[in-house]
Amino acid sequence: MEDMFSPLIEVENLRREINRHNQLYYVQDNPEISDAQYDTLIRRLKELEEAHPELVTPDSPTQRVGAEPLKAFGIVNHPYPLLSLANAFSDTELEAWYQRVKKLLGNIPFQIDCEPKMDGLAVALTYRNGKFATGATRGDGFQGENITRNLRTIHSIPLNAEPNAPPVFEVRGEVYLSKNGFAKLNRERADKGLPLFANPRNAAAGSLRQLDPSVTAERPLDIFIYALGYSEDSLLPDSHWQILDYFSKIGFRINPLNRLVNTLEEAKEYYRQMAANRASLPYEADGVVFKVDSVSLQHRLGDVGREPRWAIAYKFPAEQVMTRLKKIGISVGRTGTLNPFAVLEPVNVGGVVVKQAALHNEDDILRKDIREGDTVIIQRAGEVIPEVVAPVLSKRNPESKPFRMEESLFNPNLNRPACPVCGGEIYRPAGEAMHYCANVSCPAQFERQLEHFVSRGAMDIRGIGESLSVILAQQGLVKNVSDLYYLTTADLLQLPRMGEKSADNIIDAIADSKTRPLDRVIFGLGVRHVGNETATLLSRHYGNIWALAKTGLGELQTIPDIGDKIASSIVAYFSEEKNVAVIHRLEEAGVRLTSDQKPVNKNMPFSGMEFVVTGKLESFSREEAQEKIRSLGGTAKDNVTKATNYLVVGADAGSKLTKARSMGVKELSEREFINMLEQS
């Protein structure tokens, strides 16, 4: 009987497992394991095949790329294989690649191209006689899916090349969804009751694999070109860097973060910078690609199996992992929202041990079908808030039950669902996704409200953070936000571990906060549905807090961007006598409740106009530009929409400019914008 742990059996098991995950990832866009776990399987198979070369077969996953193309789209043959890259996971592995290349080249010096490794879908774009002719996916590296019609919907792909472009050429790029685009797409799918995408890569792939191009056109896809596939023009430079520069000049989108370096140490430093700054990137990136710059040296190095010898992907630490969801807990927010969260088996995600993750609301949990006891995929969203992406259904306990908020909050002593903090009744307003605690005196609500009031975006009272907010509330020193302005140093010295200097600094910070602008006060009050932007709009429209407090529902509904939900919430807030009493005490304490700005009226120069500012301006910051717009009665937004009248364009403008042009929004240079200001 053959040993069950023989290399042959392990190799065959690994191949079956990898092929199954290839099908789930590349074809069905529904992965069951994280990228890091997939990489581990591939690495183990390669180790076995290197130790036992007699076991290597042509159909091994190490000898091919991706999975078979979907025949529904038609097949495109790649003139040159569109291969994937070998991976490095440490400086040692990167150094080993570099030394192998040096040895194969006989120590010929070479430069290295450094590029962010986008988390999207690789495509090949062929142009004939200046026209975009064919677009295909990677497929198995030799044949891909013909998705030309879908790719034509992406505005950053030129349909016509410049007149001096080669007669026939192919460029290769990565189609992706930005972080904002991905979030927007999932919000829209949630509103329609559709399953959510697990990550931007799956969303991009799913968007390109639509049989109806009009569906693709509705999704905010973008592309960076990262290589030349082939060209009939033999006069192109022998430098990958210069080739990309050439294609940039004739209309293709090249990643501005690409760098050309001369040494391995410079390459390592680039990787460290990208890894440190990945959270600030507008798209998901899972590593850095390093390439030998000389095209002739690339040809000399050639390929091995499914991978070119002249390039390698140095992956970032895994950001998406699996763990067990032990329990779904419920916390209480500052407006009484009952917020579900996942209590997890502790797991390391990108160097941080994660024990809890966001779950949003009951509807989101049910859409994703997340249950207590599930093995789940979690990820760090924006490097800060971990979230549960999806359950791994193949690992589910068949006896598990769907989550229900009211069942989870059922209190047997009260014989009803109840707030987990105060025992108050819970309710869910019609048309809303959240459940609420009905008890306005709920201690948890006020602790969160106090924390919000002192936060940087509101009254910015330095020295009072989350911990001290809780202590002040629990000790009874602050029962509503106006009590802050009546605290004394002696009051604070009663608190544990509070020194006299710290107490004096906090009292000074409280006094300093009295001069904050009116919009910060309105935001700090925590009126439901009133965020920073709405608070600014209300401050400019009314000019003082009492004018806002006395306004009626009808008048509020006439203000642009104030919908029924926001208007009703504002009226309800100022109808509550306790809230009005708090504002009176703030006024008595000297908190500024009027605006220096004149109230907006229909005769102001920018009244009724909506602006978006993008790029770097020389004369003032983006915030200063937005302030000037608002001071003249205009609205300053962060995102381009159909309602946008003008896009103010500074240096290094990005996707907002592309979107504005696709929608026909009028562009203003900085000089033109200044002229508008001067003439107003």
# chains A, B, ... in the order shown; residues from 1 in each chain; ligands from 1
>>> residues_around(residues="Leu468 (chain A)", least_positions_apart="5", cutoff="9 Å", atoms="only C-alpha atoms", output="list in words")
Glu451, Gly463 and Ala473 of chain A
>>> residues_around(residues="region 248-255 of chain A", least_positions_apart="5", cutoff="10 Å", atoms="only C-alpha atoms", output="compact mmCIF listing (two decimals) with N, CA and C atoms, in the first residue's frame")
# COMPACT_ATOMS: atom_id res chain seq x y z
N GLU A 115 6.78 49.45 -9.50
CA GLU A 115 5.39 49.81 -9.79
C GLU A 115 4.46 49.23 -8.72
N PRO A 116 3.46 50.00 -8.27
CA PRO A 116 2.48 49.43 -7.36
C PRO A 116 1.78 48.24 -8.02
N MET A 118 -1.35 46.56 -8.56
CA MET A 118 -2.77 46.84 -8.44
C MET A 118 -3.55 45.56 -8.16
N SER A 156 -10.98 55.82 -19.40
CA SER A 156 -9.53 56.03 -19.42
C SER A 156 -8.83 55.15 -20.44
N ILE A 157 -9.57 54.32 -21.18
CA ILE A 157 -8.99 53.57 -22.30
C ILE A 157 -9.26 54.36 -23.58
N PRO A 158 -8.21 54.88 -24.25
CA PRO A 158 -8.44 55.65 -25.48
C PRO A 158 -8.97 54.75 -26.60
N LEU A 159 -10.00 55.21 -27.29
CA LEU A 159 -10.53 54.44 -28.42
C LEU A 159 -9.71 54.69 -29.68
N ASN A 160 -8.99 55.81 -29.69
CA ASN A 160 -8.14 56.14 -30.83
C ASN A 160 -6.75 56.49 -30.34
N ALA A 161 -5.74 55.90 -30.94
CA ALA A 161 -4.36 56.22 -30.59
C ALA A 161 -3.90 57.45 -31.38
N GLU A 162 -2.84 58.08 -30.90
CA GLU A 162 -2.29 59.23 -31.59
C GLU A 162 -1.78 58.82 -32.98
N PRO A 163 -1.73 59.79 -33.93
CA PRO A 163 -1.31 59.46 -35.30
C PRO A 163 0.06 58.81 -35.42
N ASN A 164 0.98 59.14 -34.48
CA ASN A 164 2.34 58.59 -34.59
C ASN A 164 2.50 57.26 -33.86
N ALA A 165 1.38 56.65 -33.42
CA ALA A 165 1.46 55.36 -32.75
C ALA A 165 1.81 54.27 -33.76
N VAL A 171 -0.98 46.84 -25.66
CA VAL A 171 -0.54 47.28 -24.33
C VAL A 171 -1.28 46.44 -23.30
N GLY A 173 -2.57 46.18 -19.19
CA GLY A 173 -2.88 47.03 -18.04
C GLY A 173 -3.73 46.32 -17.02
N ASP A 222 -11.55 51.88 -13.89
CA ASP A 222 -10.42 52.68 -14.38
C ASP A 222 -9.30 51.72 -14.75
N ILE A 223 -8.22 52.25 -15.32
CA ILE A 223 -7.12 51.38 -15.76
C ILE A 223 -5.79 52.11 -15.67
N PHE A 224 -4.74 51.38 -15.35
CA PHE A 224 -3.35 51.82 -15.52
C PHE A 224 -2.68 50.86 -16.50
N ILE A 225 -1.99 51.40 -17.48
CA ILE A 225 -1.21 50.58 -18.42
C ILE A 225 0.15 50.32 -17.78
N TYR A 226 0.59 49.04 -17.78
CA TYR A 226 1.84 48.72 -17.10
C TYR A 226 2.88 48.06 -18.00
N ALA A 227 2.55 47.76 -19.27
CA ALA A 227 3.55 47.10 -20.12
C ALA A 227 3.14 47.17 -21.59
N GLN A 242 11.03 54.06 -20.59
CA GLN A 242 10.84 55.00 -21.70
C GLN A 242 9.64 54.62 -22.57
N ILE A 243 9.37 53.32 -22.68
CA ILE A 243 8.20 52.88 -23.44
C ILE A 243 6.92 53.35 -22.76
>>> residues_around(residues="Glu232 (chain A)", least_positions_apart="3", cutoff="8 Å", atoms="only C-alpha atoms", output="PyMOL selection string")
chain A and resi 166-169
>>> select_by_dssp(residues="region 7-215 of chain A", states="strand (DSSP E)", output="PyMOL selection string")
chain A and resi 75-77+86-88+112-118+121-128+131-137+143-145+168-177
>>> write_last_selection(atoms="N, CA and C atoms", output="compact mmCIF listing (two decimals), in the first residue's frame")
# COMPACT_ATOMS: atom_id res chain seq x y z
N ILE A 75 -13.01 33.79 -27.79
CA ILE A 75 -11.63 33.57 -27.38
C ILE A 75 -10.69 34.47 -28.18
N VAL A 76 -9.68 35.02 -27.48
CA VAL A 76 -8.62 35.81 -28.11
C VAL A 76 -7.29 35.12 -27.82
N ASN A 77 -6.51 34.87 -28.86
CA ASN A 77 -5.17 34.30 -28.69
C ASN A 77 -4.18 35.42 -28.40
N ALA A 86 6.25 35.68 -10.33
CA ALA A 86 6.70 35.02 -9.10
C ALA A 86 6.54 36.00 -7.95
N ASN A 87 6.38 35.47 -6.74
CA ASN A 87 6.16 36.31 -5.57
C ASN A 87 7.34 36.25 -4.61
N ALA A 88 7.62 37.39 -3.99
CA ALA A 88 8.55 37.45 -2.87
C ALA A 88 7.76 37.92 -1.66
N ILE A 112 16.04 49.08 -12.38
CA ILE A 112 14.84 48.37 -11.96
C ILE A 112 13.64 49.32 -11.99
N ASP A 113 12.57 48.88 -12.66
CA ASP A 113 11.31 49.62 -12.63
C ASP A 113 10.51 49.16 -11.41
N CYS A 114 9.99 50.12 -10.65
CA CYS A 114 9.19 49.83 -9.46
C CYS A 114 7.77 50.33 -9.70
N GLU A 115 6.78 49.45 -9.50
CA GLU A 115 5.39 49.81 -9.79
C GLU A 115 4.46 49.23 -8.72
N PRO A 116 3.46 50.00 -8.27
CA PRO A 116 2.48 49.43 -7.36
C PRO A 116 1.78 48.24 -8.02
N LYS A 117 1.57 47.18 -7.26
CA LYS A 117 0.87 46.01 -7.79
C LYS A 117 -0.62 46.18 -7.52
N MET A 118 -1.35 46.56 -8.56
CA MET A 118 -2.77 46.84 -8.44
C MET A 118 -3.55 45.56 -8.16
N LEU A 121 -7.88 43.45 -12.50
CA LEU A 121 -7.94 42.39 -13.51
C LEU A 121 -7.03 42.77 -14.67
N ALA A 122 -6.07 41.89 -15.00
CA ALA A 122 -5.14 42.15 -16.10
C ALA A 122 -5.86 42.01 -17.43
N VAL A 123 -5.58 42.95 -18.35
CA VAL A 123 -6.18 42.92 -19.69
C VAL A 123 -5.12 43.26 -20.72
N ALA A 124 -5.36 42.82 -21.96
CA ALA A 124 -4.50 43.15 -23.10
C ALA A 124 -5.33 43.92 -24.11
N LEU A 125 -4.83 45.08 -24.54
CA LEU A 125 -5.55 45.96 -25.47
C LEU A 125 -4.77 46.04 -26.78
N THR A 126 -5.39 45.66 -27.87
CA THR A 126 -4.73 45.68 -29.19
C THR A 126 -5.28 46.82 -30.03
N TYR A 127 -4.38 47.59 -30.65
CA TYR A 127 -4.74 48.70 -31.53
C TYR A 127 -4.25 48.42 -32.94
N ARG A 128 -5.12 48.67 -33.90
CA ARG A 128 -4.76 48.50 -35.31
C ARG A 128 -5.09 49.77 -36.07
N LYS A 131 -6.82 52.48 -34.08
CA LYS A 131 -8.11 52.22 -33.46
C LYS A 131 -8.01 51.09 -32.43
N PHE A 132 -8.74 51.24 -31.32
CA PHE A 132 -8.82 50.16 -30.35
C PHE A 132 -9.61 49.02 -30.98
N ALA A 133 -8.94 47.89 -31.21
CA ALA A 133 -9.55 46.80 -31.96
C ALA A 133 -10.05 45.68 -31.07
N THR A 134 -9.22 45.22 -30.12
CA THR A 134 -9.57 44.05 -29.32
C THR A 134 -9.08 44.21 -27.89
N GLY A 135 -9.90 43.77 -26.95
CA GLY A 135 -9.51 43.74 -25.54
C GLY A 135 -9.80 42.38 -24.96
N ALA A 136 -8.85 41.84 -24.22
CA ALA A 136 -9.01 40.48 -23.70
C ALA A 136 -8.50 40.39 -22.27
N THR A 137 -9.04 39.42 -21.53
CA THR A 137 -8.54 39.11 -20.19
C THR A 137 -7.27 38.26 -20.31
N GLN A 143 -4.67 32.21 -24.02
CA GLN A 143 -5.96 32.60 -24.57
C GLN A 143 -6.76 33.32 -23.50
N GLY A 144 -7.43 34.39 -23.90
CA GLY A 144 -8.25 35.13 -22.95
C GLY A 144 -9.65 35.34 -23.48
N GLU A 145 -10.50 35.91 -22.63
CA GLU A 145 -11.88 36.20 -23.01
C GLU A 145 -11.93 37.52 -23.78
N VAL A 168 0.32 48.55 -35.50
CA VAL A 168 -0.31 47.50 -34.70
C VAL A 168 0.50 47.34 -33.41
N PHE A 169 -0.18 47.39 -32.27
CA PHE A 169 0.53 47.19 -31.01
C PHE A 169 -0.46 46.73 -29.96
N GLU A 170 0.08 46.12 -28.91
CA GLU A 170 -0.72 45.68 -27.77
C GLU A 170 -0.13 46.24 -26.49
N VAL A 171 -0.98 46.84 -25.66
CA VAL A 171 -0.54 47.28 -24.33
C VAL A 171 -1.28 46.44 -23.30
N ARG A 172 -0.67 46.31 -22.13
CA ARG A 172 -1.25 45.52 -21.06
C ARG A 172 -1.46 46.40 -19.83
N GLY A 173 -2.57 46.18 -19.19
CA GLY A 173 -2.88 47.03 -18.04
C GLY A 173 -3.73 46.32 -17.02
N GLU A 174 -4.03 47.04 -15.96
CA GLU A 174 -4.82 46.50 -14.86
C GLU A 174 -6.08 47.34 -14.72
N VAL A 175 -7.24 46.72 -14.93
CA VAL A 175 -8.52 47.38 -14.71
C VAL A 175 -8.88 47.24 -13.24
N TYR A 176 -9.31 48.33 -12.63
CA TYR A 176 -9.57 48.30 -11.19
C TYR A 176 -10.71 49.24 -10.83
N LEU A 177 -11.19 49.07 -9.62
CA LEU A 177 -12.15 49.98 -9.01
C LEU A 177 -11.44 50.71 -7.88
>>> atom_distance(atom1="CA of Ser539 (chain A)", atom2="CA of Arg622 (chain A)")
20.0 Å
>>> atom_distance(atom1="CA of Arg497 (chain A)", atom2="CA of Gln445 (chain A)")
25.3 Å
>>> residues_around(residues="region 429-443 of chain A", least_positions_apart="6", cutoff="9 Å", atoms="only C-alpha atoms", output="MDAnalysis selection string")
chainID A and resid 332:333 335:339 360:364 405 418:419 421:423 473:474
>>> residues_around(residues="Gly608 (chain A)", least_positions_apart="6", cutoff="9 Å", atoms="only C-alpha atoms", output="list in words")
Pro560, Lys602, Gly633, Gly634 and Thr635 of chain A
>>> write_last_selection(atoms="C-alpha atoms", output="compact mmCIF listing (two decimals), in the first residue's frame")
# COMPACT_ATOMS: atom_id res chain seq x y z
CA PRO A 560 -30.66 72.39 -1.55
CA LYS A 602 -30.41 83.91 -3.64
CA GLY A 633 -23.16 81.43 -1.63
CA GLY A 634 -21.92 78.38 -3.56
CA THR A 635 -21.79 74.75 -2.55
>>> residues_around(residues="region 3-19 of chain A", least_positions_apart="5", cutoff="10 Å", atoms="only C-alpha atoms", output="list in words")
Leu24, Tyr25, Tyr38, Asp39, Leu41, Ile42, Arg44, Leu45, Lys46, Glu47, Leu48, Glu49, Ala51, His52, Glu54, Leu55, Val56, Asp59, Ser60, Pro61, Thr62, Gly66 and Ala67 of chain A
>>> write_last_selection(atoms="C-alpha atoms", output="tab-separated table (two decimals), in the first residue's frame")
chain	number	residue	atom	x	y	z
A	24	LEU	CA	-13.61	30.09	-7.73
A	25	TYR	CA	-11.27	33.09	-8.06
A	38	TYR	CA	-3.55	30.65	-1.96
A	39	ASP	CA	0.10	31.76	-2.21
A	41	LEU	CA	-0.56	26.39	-1.53
A	42	ILE	CA	1.30	27.43	-4.69
A	44	ARG	CA	4.24	24.25	-1.33
A	45	LEU	CA	3.44	22.73	-4.74
A	46	LYS	CA	6.48	24.44	-6.30
A	47	GLU	CA	8.69	23.14	-3.49
A	48	LEU	CA	7.53	19.58	-4.12
A	49	GLU	CA	7.94	19.85	-7.89
A	51	ALA	CA	12.39	18.44	-5.18
A	52	HIS	CA	10.76	15.85	-7.47
A	54	GLU	CA	9.65	13.81	-12.37
A	55	LEU	CA	6.27	14.83	-10.96
A	56	VAL	CA	5.98	18.03	-13.06
A	59	ASP	CA	-1.25	20.83	-16.70
A	60	SER	CA	0.15	21.62	-13.24
A	61	PRO	CA	-1.07	24.96	-11.79
A	62	THR	CA	2.60	26.02	-11.63
A	66	GLY	CA	-5.30	31.69	-14.17
A	67	ALA	CA	-8.10	29.50	-15.49
>>> select_by_dssp(residues="region 54-223 of chain A", states="helix (DSSP H, G or I)", output="PyMOL selection string")
chain A and resi 54-55+61-63+71-73+91-104+148-151+179-191+200-208+213-217
>>> write_last_selection(atoms="N, CA and C atoms", output="compact mmCIF listing (two decimals), in the first residue's frame")
# COMPACT_ATOMS: atom_id res chain seq x y z
N GLU A 54 10.36 14.83 -11.60
CA GLU A 54 9.65 13.81 -12.37
C GLU A 54 8.14 13.92 -12.21
N LEU A 55 7.70 14.69 -11.19
CA LEU A 55 6.27 14.83 -10.96
C LEU A 55 5.66 16.01 -11.72
N PRO A 61 -0.80 23.52 -12.00
CA PRO A 61 -1.07 24.96 -11.79
C PRO A 61 0.19 25.82 -11.83
N THR A 62 1.36 25.23 -11.58
CA THR A 62 2.60 26.02 -11.63
C THR A 62 3.03 26.28 -13.07
N GLN A 63 2.43 25.60 -14.03
CA GLN A 63 2.84 25.72 -15.42
C GLN A 63 1.84 26.52 -16.26
N LYS A 71 -16.21 30.79 -22.53
CA LYS A 71 -16.48 30.74 -23.97
C LYS A 71 -17.61 31.67 -24.39
N ALA A 72 -18.43 32.12 -23.43
CA ALA A 72 -19.55 33.00 -23.77
C ALA A 72 -19.07 34.29 -24.41
N PHE A 73 -17.83 34.69 -24.15
CA PHE A 73 -17.32 35.95 -24.67
C PHE A 73 -16.52 35.77 -25.96
N ASP A 91 12.48 40.56 2.33
CA ASP A 91 13.68 41.15 1.72
C ASP A 91 14.63 40.06 1.25
N THR A 92 14.72 38.97 2.01
CA THR A 92 15.63 37.87 1.64
C THR A 92 15.24 37.27 0.30
N GLU A 93 13.94 37.06 0.08
CA GLU A 93 13.49 36.49 -1.20
C GLU A 93 13.68 37.47 -2.34
N LEU A 94 13.50 38.77 -2.08
CA LEU A 94 13.76 39.77 -3.12
C LEU A 94 15.25 39.79 -3.47
N GLU A 95 16.10 39.73 -2.46
CA GLU A 95 17.54 39.70 -2.70
C GLU A 95 17.95 38.46 -3.50
N ALA A 96 17.31 37.33 -3.23
CA ALA A 96 17.62 36.10 -3.96
C ALA A 96 17.27 36.26 -5.44
N TRP A 97 16.11 36.88 -5.72
CA TRP A 97 15.73 37.15 -7.13
C TRP A 97 16.76 38.05 -7.80
N TYR A 98 17.16 39.10 -7.11
CA TYR A 98 18.11 40.06 -7.67
C TYR A 98 19.45 39.39 -7.97
N GLN A 99 19.92 38.55 -7.06
CA GLN A 99 21.20 37.87 -7.27
C GLN A 99 21.11 36.87 -8.43
N ARG A 100 19.96 36.18 -8.58
CA ARG A 100 19.78 35.27 -9.71
C ARG A 100 19.85 36.01 -11.03
N VAL A 101 19.20 37.17 -11.07
CA VAL A 101 19.22 37.97 -12.30
C VAL A 101 20.64 38.43 -12.62
N LYS A 102 21.34 38.91 -11.61
CA LYS A 102 22.73 39.35 -11.81
C LYS A 102 23.59 38.22 -12.36
N LYS A 103 23.42 37.04 -11.78
CA LYS A 103 24.22 35.89 -12.21
C LYS A 103 23.91 35.51 -13.65
N LEU A 104 22.62 35.47 -14.01
CA LEU A 104 22.22 35.10 -15.37
C LEU A 104 22.70 36.12 -16.40
N THR A 148 -13.97 43.10 -25.44
CA THR A 148 -13.75 44.39 -26.11
C THR A 148 -14.88 45.37 -25.85
N ARG A 149 -16.13 44.91 -26.00
CA ARG A 149 -17.27 45.82 -25.86
C ARG A 149 -17.34 46.39 -24.45
N ASN A 150 -17.02 45.58 -23.46
CA ASN A 150 -17.06 46.08 -22.08
C ASN A 150 -15.92 47.06 -21.82
N LEU A 151 -14.73 46.75 -22.34
CA LEU A 151 -13.59 47.64 -22.13
C LEU A 151 -13.80 49.00 -22.79
N LYS A 179 -11.17 52.69 -4.26
CA LYS A 179 -11.81 52.38 -2.98
C LYS A 179 -13.17 53.05 -2.88
N ASN A 180 -13.25 54.32 -3.32
CA ASN A 180 -14.52 55.02 -3.27
C ASN A 180 -15.53 54.41 -4.23
N GLY A 181 -15.04 54.04 -5.42
CA GLY A 181 -15.92 53.42 -6.41
C GLY A 181 -16.46 52.08 -5.93
N PHE A 182 -15.60 51.32 -5.27
CA PHE A 182 -16.02 50.01 -4.74
C PHE A 182 -17.07 50.19 -3.65
N ALA A 183 -16.83 51.13 -2.75
CA ALA A 183 -17.80 51.37 -1.67
C ALA A 183 -19.14 51.81 -2.24
N LYS A 184 -19.10 52.69 -3.24
CA LYS A 184 -20.33 53.19 -3.87
C LYS A 184 -21.08 52.05 -4.55
N LEU A 185 -20.35 51.19 -5.27
CA LEU A 185 -20.98 50.07 -5.96
C LEU A 185 -21.66 49.14 -4.96
N ASN A 186 -20.99 48.84 -3.85
CA ASN A 186 -21.60 47.95 -2.86
C ASN A 186 -22.81 48.59 -2.18
N ARG A 187 -22.76 49.91 -1.97
CA ARG A 187 -23.93 50.59 -1.40
C ARG A 187 -25.13 50.47 -2.34
N GLU A 188 -24.88 50.66 -3.63
CA GLU A 188 -25.96 50.56 -4.61
C GLU A 188 -26.51 49.13 -4.67
N ARG A 189 -25.62 48.15 -4.58
CA ARG A 189 -26.07 46.75 -4.60
C ARG A 189 -26.87 46.43 -3.33
N ALA A 190 -26.42 46.98 -2.21
CA ALA A 190 -27.15 46.75 -0.95
C ALA A 190 -28.55 47.35 -1.04
N ASP A 191 -28.66 48.55 -1.62
CA ASP A 191 -29.97 49.19 -1.76
C ASP A 191 -30.92 48.37 -2.62
N PRO A 200 -12.43 44.83 -4.11
CA PRO A 200 -12.42 45.56 -5.38
C PRO A 200 -12.02 44.71 -6.58
N ARG A 201 -11.11 43.73 -6.38
CA ARG A 201 -10.70 42.89 -7.50
C ARG A 201 -11.88 42.08 -8.04
N ASN A 202 -12.64 41.46 -7.14
CA ASN A 202 -13.81 40.71 -7.57
C ASN A 202 -14.84 41.61 -8.24
N ALA A 203 -15.00 42.82 -7.70
CA ALA A 203 -15.95 43.76 -8.27
C ALA A 203 -15.54 44.16 -9.68
N ALA A 204 -14.24 44.42 -9.89
CA ALA A 204 -13.75 44.78 -11.22
C ALA A 204 -13.95 43.62 -12.20
N ALA A 205 -13.60 42.40 -11.74
CA ALA A 205 -13.75 41.22 -12.60
C ALA A 205 -15.22 40.99 -12.94
N GLY A 206 -16.09 41.10 -11.92
CA GLY A 206 -17.51 40.92 -12.17
C GLY A 206 -18.07 41.97 -13.10
N SER A 207 -17.54 43.18 -13.02
CA SER A 207 -18.01 44.26 -13.89
C SER A 207 -17.61 44.03 -15.34
N LEU A 208 -16.42 43.48 -15.55
CA LEU A 208 -15.95 43.24 -16.92
C LEU A 208 -16.57 42.00 -17.54
N PRO A 213 -22.91 45.22 -21.97
CA PRO A 213 -21.94 46.30 -21.72
C PRO A 213 -22.54 47.50 -20.99
N SER A 214 -23.84 47.69 -21.08
CA SER A 214 -24.44 48.84 -20.39
C SER A 214 -24.32 48.70 -18.88
N VAL A 215 -24.27 47.46 -18.38
CA VAL A 215 -24.07 47.23 -16.94
C VAL A 215 -22.64 47.64 -16.57
N THR A 216 -21.68 47.25 -17.40
CA THR A 216 -20.28 47.63 -17.16
C THR A 216 -20.14 49.15 -17.16
N ALA A 217 -20.83 49.80 -18.09
CA ALA A 217 -20.71 51.26 -18.24
C ALA A 217 -21.16 52.01 -17.00
>>> decode(residues="region 234-249 of chain A", atoms="N, CA and C atoms", output="PDB file, in the first residue's frame")
ATOM      1  N   SER A 234       9.634  48.722 -34.714  1.00  0.00           N
ATOM      2  CA  SER A 234      10.910  48.261 -34.165  1.00  0.00           C
ATOM      3  C   SER A 234      11.750  49.396 -33.604  1.00  0.00           C
ATOM      4  N   LEU A 235      11.259  50.628 -33.719  1.00  0.00           N
ATOM      5  CA  LEU A 235      12.042  51.784 -33.284  1.00  0.00           C
ATOM      6  C   LEU A 235      11.723  52.213 -31.855  1.00  0.00           C
ATOM      7  N   LEU A 236      10.865  51.479 -31.163  1.00  0.00           N
ATOM      8  CA  LEU A 236      10.573  51.824 -29.775  1.00  0.00           C
ATOM      9  C   LEU A 236      11.824  51.647 -28.914  1.00  0.00           C
ATOM     10  N   PRO A 237      11.940  52.410 -27.822  1.00  0.00           N
ATOM     11  CA  PRO A 237      13.155  52.332 -26.986  1.00  0.00           C
ATOM     12  C   PRO A 237      13.370  50.939 -26.397  1.00  0.00           C
ATOM     13  N   ASP A 238      14.598  50.704 -25.950  1.00  0.00           N
ATOM     14  CA  ASP A 238      14.934  49.438 -25.307  1.00  0.00           C
ATOM     15  C   ASP A 238      14.758  49.532 -23.799  1.00  0.00           C
ATOM     16  N   SER A 239      13.935  50.462 -23.371  1.00  0.00           N
ATOM     17  CA  SER A 239      13.728  50.701 -21.943  1.00  0.00           C
ATOM     18  C   SER A 239      12.240  50.639 -21.638  1.00  0.00           C
ATOM     19  N   HIS A 240      11.883  49.774 -20.702  1.00  0.00           N
ATOM     20  CA  HIS A 240      10.486  49.682 -20.267  1.00  0.00           C
ATOM     21  C   HIS A 240       9.995  51.042 -19.761  1.00  0.00           C
ATOM     22  N   TRP A 241      10.821  51.737 -19.009  1.00  0.00           N
ATOM     23  CA  TRP A 241      10.468  53.052 -18.468  1.00  0.00           C
ATOM     24  C   TRP A 241      10.173  54.040 -19.592  1.00  0.00           C
ATOM     25  N   GLN A 242      11.031  54.064 -20.585  1.00  0.00           N
ATOM     26  CA  GLN A 242      10.840  54.997 -21.701  1.00  0.00           C
ATOM     27  C   GLN A 242       9.643  54.617 -22.568  1.00  0.00           C
ATOM     28  N   ILE A 243       9.374  53.319 -22.682  1.00  0.00           N
ATOM     29  CA  ILE A 243       8.198  52.877 -23.444  1.00  0.00           C
ATOM     30  C   ILE A 243       6.918  53.351 -22.756  1.00  0.00           C
ATOM     31  N   LEU A 244       6.849  53.192 -21.423  1.00  0.00           N
ATOM     32  CA  LEU A 244       5.674  53.665 -20.700  1.00  0.00           C
ATOM     33  C   LEU A 244       5.540  55.180 -20.817  1.00  0.00           C
ATOM     34  N   ASP A 245       6.661  55.888 -20.782  1.00  0.00           N
ATOM     35  CA  ASP A 245       6.629  57.336 -20.944  1.00  0.00           C
ATOM     36  C   ASP A 245       6.081  57.702 -22.324  1.00  0.00           C
ATOM     37  N   TYR A 246       6.493  56.945 -23.335  1.00  0.00           N
ATOM     38  CA  TYR A 246       6.000  57.165 -24.702  1.00  0.00           C
ATOM     39  C   TYR A 246       4.483  56.949 -24.764  1.00  0.00           C
ATOM     40  N   PHE A 247       4.001  55.851 -24.174  1.00  0.00           N
ATOM     41  CA  PHE A 247       2.570  55.596 -24.214  1.00  0.00           C
ATOM     42  C   PHE A 247       1.787  56.616 -23.394  1.00  0.00           C
ATOM     43  N   SER A 248       2.399  57.138 -22.349  1.00  0.00           N
ATOM     44  CA  SER A 248       1.761  58.210 -21.591  1.00  0.00           C
ATOM     45  C   SER A 248       1.545  59.431 -22.479  1.00  0.00           C
ATOM     46  N   LYS A 249       2.523  59.727 -23.317  1.00  0.00           N
ATOM     47  CA  LYS A 249       2.447  60.907 -24.182  1.00  0.00           C
ATOM     48  C   LYS A 249       1.430  60.752 -25.301  1.00  0.00           C
TER      49      LYS A 249
END
